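K.L.:
If it helps, the file is called run-v4.tsv and holds TSV, C-alpha atoms:
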chain	number	residue	atom	x	y	z
T	227	MET	CA	6.48	-8.52	50.92
T	228	PHE	CA	5.05	-11.79	52.26
T	229	ARG	CA	1.57	-10.27	52.40
T	230	THR	CA	1.72	-9.18	48.72
T	231	PHE	CA	2.87	-12.67	47.71
T	232	PHE	CA	0.05	-14.28	49.73
T	233	ILE	CA	-2.60	-11.99	48.16
T	234	SER	CA	-1.26	-12.67	44.65
T	235	LEU	CA	-1.25	-16.41	45.28
T	236	SER	CA	-4.82	-16.27	46.65
T	237	LEU	CA	-6.07	-14.36	43.61
T	238	PHE	CA	-4.40	-16.90	41.32
T	239	PHE	CA	-6.32	-19.78	42.90
T	240	ILE	CA	-9.61	-17.86	42.96
T	241	TYR	CA	-9.48	-17.23	39.20
T	242	LEU	CA	-8.05	-20.62	38.27
T	243	PRO	CA	-10.53	-22.18	35.82
T	244	VAL	CA	-12.39	-25.22	37.10
T	245	LEU	CA	-11.74	-28.26	34.94
T	246	ALA	CA	-13.69	-31.48	34.57
T	247	ASP	CA	-14.37	-33.45	37.72
T	248	CYS	CA	-13.12	-36.97	36.95
T	249	ASP	CA	-13.20	-39.96	39.29
T	250	PHE	CA	-9.89	-41.29	37.90
T	251	LYS	CA	-6.40	-39.89	37.34
T	252	THR	CA	-6.57	-38.40	33.86
T	253	GLY	CA	-2.78	-38.48	33.48
T	254	LYS	CA	-2.89	-42.29	33.35
T	255	TYR	CA	-5.37	-42.28	30.45
T	256	ILE	CA	-4.15	-39.54	28.09
T	257	GLU	CA	-4.15	-41.79	25.01
T	258	GLU	CA	-7.57	-43.25	25.82
T	259	LEU	CA	-9.12	-39.82	26.46
T	260	SER	CA	-8.14	-38.69	22.95
T	261	ASN	CA	-9.65	-41.79	21.29
T	262	PRO	CA	-13.42	-41.69	20.59
T	263	SER	CA	-13.76	-45.48	20.87
T	264	TYR	CA	-13.22	-45.18	24.64
T	265	LEU	CA	-16.13	-42.75	25.09
T	266	LYS	CA	-18.92	-45.19	25.92
T	267	LYS	CA	-21.76	-42.78	26.67
T	268	ILE	CA	-22.59	-39.10	27.05
T	269	GLU	CA	-25.18	-38.42	29.72
T	270	ILE	CA	-26.79	-34.99	29.95
T	271	ILE	CA	-28.86	-33.94	32.95
T	272	ILE	CA	-30.84	-30.71	32.57
T	273	PRO	CA	-31.99	-29.52	36.01
T	274	LYS	CA	-34.82	-27.32	34.71
T	275	SER	CA	-36.30	-30.23	32.78
T	276	SER	CA	-39.86	-28.87	32.82
T	277	ALA	CA	-38.74	-25.72	30.93
T	278	TYR	CA	-36.64	-27.91	28.62
T	279	ASN	CA	-39.61	-30.20	27.91
T	280	LYS	CA	-41.95	-27.25	27.30
T	281	ASN	CA	-39.42	-25.92	24.80
T	282	ILE	CA	-39.45	-29.25	22.94
T	283	LEU	CA	-43.26	-29.28	22.86
T	284	LYS	CA	-43.41	-25.71	21.52
T	285	ILE	CA	-41.03	-26.66	18.69
T	286	TYR	CA	-42.90	-29.89	17.96
T	287	ALA	CA	-46.35	-28.22	18.06
T	288	SER	CA	-45.30	-25.30	15.85
T	289	LYS	CA	-47.05	-25.26	12.47
T	290	ARG	CA	-43.85	-24.13	10.75
T	291	SER	CA	-41.56	-26.72	9.15
T	292	SER	CA	-38.54	-24.76	10.36
T	293	ILE	CA	-37.46	-24.19	13.95
T	294	SER	CA	-37.79	-20.56	14.99
T	295	SER	CA	-34.62	-19.06	16.48
T	296	ASN	CA	-36.54	-17.79	19.54
T	297	LEU	CA	-37.25	-21.45	20.42
T	298	LYS	CA	-33.53	-22.30	20.55
T	299	LYS	CA	-33.13	-21.41	24.20
T	300	LYS	CA	-30.00	-22.31	26.17
T	301	PHE	CA	-30.31	-24.52	29.26
T	302	ARG	CA	-27.72	-25.16	31.95
T	303	ALA	CA	-26.80	-28.82	32.14
T	304	LYS	CA	-24.45	-31.31	33.72
T	305	LEU	CA	-22.71	-33.52	31.17
T	306	ILE	CA	-21.19	-36.84	32.26
T	307	ALA	CA	-18.76	-38.62	29.94
T	308	HIS	CA	-18.63	-42.37	30.66
T	309	TYR	CA	-15.41	-44.30	29.96
T	310	PRO	CA	-14.52	-47.94	30.78
T	311	PHE	CA	-12.17	-46.64	33.49
T	312	GLY	CA	-14.48	-43.99	35.06
T	313	THR	CA	-16.51	-40.83	34.47
T	314	CYS	CA	-15.90	-37.10	34.06
T	315	GLN	CA	-18.48	-34.43	34.87
T	316	TYR	CA	-18.66	-31.06	33.13
T	317	LYS	CA	-20.73	-27.92	33.59
T	318	SER	CA	-22.32	-27.14	30.23
T	319	LYS	CA	-25.04	-25.40	28.27
T	320	VAL	CA	-27.26	-27.05	25.67
T	321	ARG	CA	-29.71	-25.74	23.09
T	322	GLN	CA	-31.72	-26.98	20.13
T	323	HIS	CA	-29.66	-27.50	16.97
T	324	GLY	CA	-30.88	-27.34	13.39
T	325	HIS	CA	-33.16	-25.30	11.18
T	326	GLN	CA	-35.73	-27.93	10.25
T	327	LYS	CA	-37.95	-30.19	12.34
T	328	ASP	CA	-36.04	-33.28	11.18
T	329	HIS	CA	-33.79	-32.49	14.17
T	330	ILE	CA	-36.61	-33.62	16.49
T	331	GLU	CA	-37.87	-37.19	16.63
T	332	LEU	CA	-40.66	-38.78	18.64
T	333	VAL	CA	-39.52	-42.16	20.03
T	334	SER	CA	-41.22	-44.89	22.01
T	335	SER	CA	-43.41	-44.04	25.01
T	336	GLY	CA	-43.94	-40.46	23.79
T	337	LYS	CA	-40.40	-39.28	24.52
T	338	VAL	CA	-38.62	-36.85	22.23
T	339	VAL	CA	-35.00	-36.96	21.02
T	340	ARG	CA	-33.48	-33.88	19.45
T	341	SER	CA	-30.20	-32.62	18.02
T	342	LEU	CA	-28.32	-30.42	20.47
T	343	ASP	CA	-25.58	-27.81	20.46
T	344	VAL	CA	-23.40	-28.38	23.52
T	345	GLU	CA	-20.90	-25.99	25.06
T	346	LEU	CA	-18.71	-27.19	27.91
T	347	LYS	CA	-18.10	-24.53	30.54
T	348	SER	CA	-15.40	-26.58	32.23
T	349	GLY	CA	-12.91	-29.02	30.72
T	350	ASN	CA	-13.07	-30.64	27.29
T	351	ILE	CA	-13.76	-33.96	25.58
T	352	MET	CA	-10.85	-34.89	23.29
T	353	GLY	CA	-9.84	-31.23	23.16
T	354	VAL	CA	-13.36	-30.23	22.09
T	355	VAL	CA	-15.29	-27.57	24.01
T	356	LYS	CA	-18.20	-26.94	21.59
T	357	PHE	CA	-19.88	-29.75	19.71
T	358	LYS	CA	-23.17	-30.98	18.28
T	359	LEU	CA	-25.07	-34.14	19.11
T	360	LEU	CA	-26.95	-34.88	15.90
T	361	LEU	CA	-29.76	-37.28	15.09
T	362	PRO	CA	-28.19	-39.71	12.59
T	363	LYS	CA	-31.04	-39.30	10.08
T	364	THR	CA	-30.15	-35.60	9.70
T	365	ARG	CA	-26.70	-36.58	8.40
T	366	ARG	CA	-27.68	-39.70	6.42
T	367	GLY	CA	-26.50	-42.06	9.12
T	368	LYS	CA	-22.85	-43.03	9.05
T	369	ASN	CA	-22.18	-41.10	5.82
T	370	GLU	CA	-21.20	-37.99	7.82
T	371	ILE	CA	-18.67	-40.01	9.84
T	372	LEU	CA	-17.23	-41.63	6.70
T	373	ALA	CA	-16.92	-38.28	4.90
T	374	SER	CA	-15.11	-36.76	7.89
T	375	LEU	CA	-12.65	-39.67	8.02
T	376	ILE	CA	-11.96	-39.47	4.27
T	377	LEU	CA	-11.33	-35.71	4.46
T	378	LYS	CA	-8.92	-36.23	7.38
T	379	GLN	CA	-7.02	-38.90	5.46
T	380	LEU	CA	-6.73	-36.53	2.49
T	381	GLY	CA	-5.17	-33.88	4.74
T	382	PHE	CA	-8.14	-31.52	5.04
T	383	ILE	CA	-9.16	-29.93	8.33
T	384	SER	CA	-12.17	-31.95	9.39
T	385	PRO	CA	-14.13	-31.85	12.66
T	386	GLU	CA	-13.96	-34.82	15.03
T	387	THR	CA	-17.03	-36.89	14.10
T	388	PHE	CA	-18.18	-40.25	15.51
T	389	ASP	CA	-21.29	-41.95	16.84
T	390	VAL	CA	-21.97	-42.20	20.57
T	391	ILE	CA	-24.71	-43.44	22.85
T	392	THR	CA	-26.43	-40.57	24.61
T	393	ASP	CA	-28.80	-40.25	27.54
T	394	VAL	CA	-30.50	-36.85	27.75
T	395	ASN	CA	-32.75	-36.64	30.83
T	396	ASN	CA	-33.22	-40.44	30.72
T	397	VAL	CA	-34.03	-40.53	26.98
T	398	LYS	CA	-31.48	-42.88	25.41
T	399	SER	CA	-30.44	-42.82	21.74
T	400	LYS	CA	-27.46	-43.15	19.43
T	401	MET	CA	-26.29	-39.81	18.06
T	402	ILE	CA	-23.47	-38.34	16.01
T	403	PHE	CA	-20.90	-36.30	17.97
T	404	GLN	CA	-19.48	-33.57	15.74
T	405	GLU	CA	-16.99	-30.92	16.79
T	406	LYS	CA	-18.08	-27.38	15.93
T	407	SER	CA	-15.85	-25.39	13.58
T	408	THR	CA	-14.22	-23.12	16.15
T	409	LYS	CA	-10.73	-21.87	16.97
T	410	GLU	CA	-9.99	-25.12	18.88
T	411	LEU	CA	-10.41	-27.07	15.62
T	412	LEU	CA	-7.87	-24.80	13.93
T	413	GLU	CA	-5.46	-24.95	16.86
T	414	LYS	CA	-5.57	-28.77	16.91
T	415	ASN	CA	-4.51	-28.66	13.27
T	416	PHE	CA	-1.70	-26.15	13.99
T	417	LYS	CA	-3.49	-23.26	12.24
T	418	ARG	CA	-4.22	-19.77	13.53
T	419	GLU	CA	-7.51	-17.90	13.44
Just give me the structure as structure tokens.

P.N.:
Amino acid sequence: MFRTFFISLSLFFIYLPVLADCDFKTGKYIEELSNPSYLKKIEIIIPKSSAYNKNILKIYASKRSSISSNLKKKFRAKLIAHYPFGTCQYKSKVRQHGHQKDHIELVSSGKVVRSLDVELKSGNIMGVVKFKLLLPKTRRGKNEILASLILKQLGFISPETFDVITDVNNVKSKMIFQEKSTKELLEKNFKRE
């Protein structure tokens, strides 16, 4: 009997999902973690950065005005959310977002910034597991954020949308965080799939 209990307990802990690794007690900051104004920066570190950079160059050098779907490869990444009271680290996957090349921008010193689809493999940011980091010019700057806020105030289901400072492999920029329309968005609004 004891042996069966011990095996069951061991299996429970083996398959327990790994959550975000935070350097603070999240229970003390529940309100702050659900407020986008406390998210100071999203840092993304892609370990296979040479493959990631080659992917960007292939998209940028392509003669087509649209981004081919075979160039939207997924890359494993570590995402770090920076708050005034500490940081949380997440395992994640990132890939190119968008159909047109306006989702890629050449910035100073020859570095490239691009819109990304992000999927967290562990934990969540404000209850969001899948989201986009968009170049503001692709959404007419703050107009996307304003439209999302107006729709929410009118009672429509609207994805969490706000601007955030990002650092993707040491390339810093301001981007628009937008929750993807998934089942989590419906569940947050007390709807079923």

K.L.:
Of the candidates T:Cys248, T:Leu259, T:Ala373, T:Ala277, which one gets nearest to Gly353 of chain T if we count all atoms listed in the file?

P.N.:
T:Leu259

K.L.:
Counting all atoms listed in the file, which residue out of T:Leu265, T:Leu360, T:Ile270, T:Leu375 sits closest to Leu346 of chain T?

P.N.:
T:Ile270

K.L.:
From the set T:Pro362, T:Asp343, T:Val338, T:Ala307, which residue has the shortest atom-to-atom contact distance to His323 of chain T, counting only C-alpha atoms?

P.N.:
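Closest to His323 of chain T of all the choices is T:Asp343.
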
K.L.:
Could you work out how far atom CA of Gln322 of chain T lies from atom CA of Glu370 of chain T, giving the answer in Å with one decimal?

P.N.:
19.6 Å

K.L.:
Name all residues at most 9 Å from Lys317 of chain T (count only C-alpha atoms; drop same-chain ones fewer than 3 positions away) and give them as a ChimeraX atom specification.

P.N.:
/T:246,302-305,345-349

K.L.:
Please compute the atom CA of Phe250 of chain T-atom CA of Ser263 of chain T distance, one decimal, in Å.

P.N.:
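Separating atom CA of Phe250 of chain T from atom CA of Ser263 of chain T is a distance of 18.0 Å.
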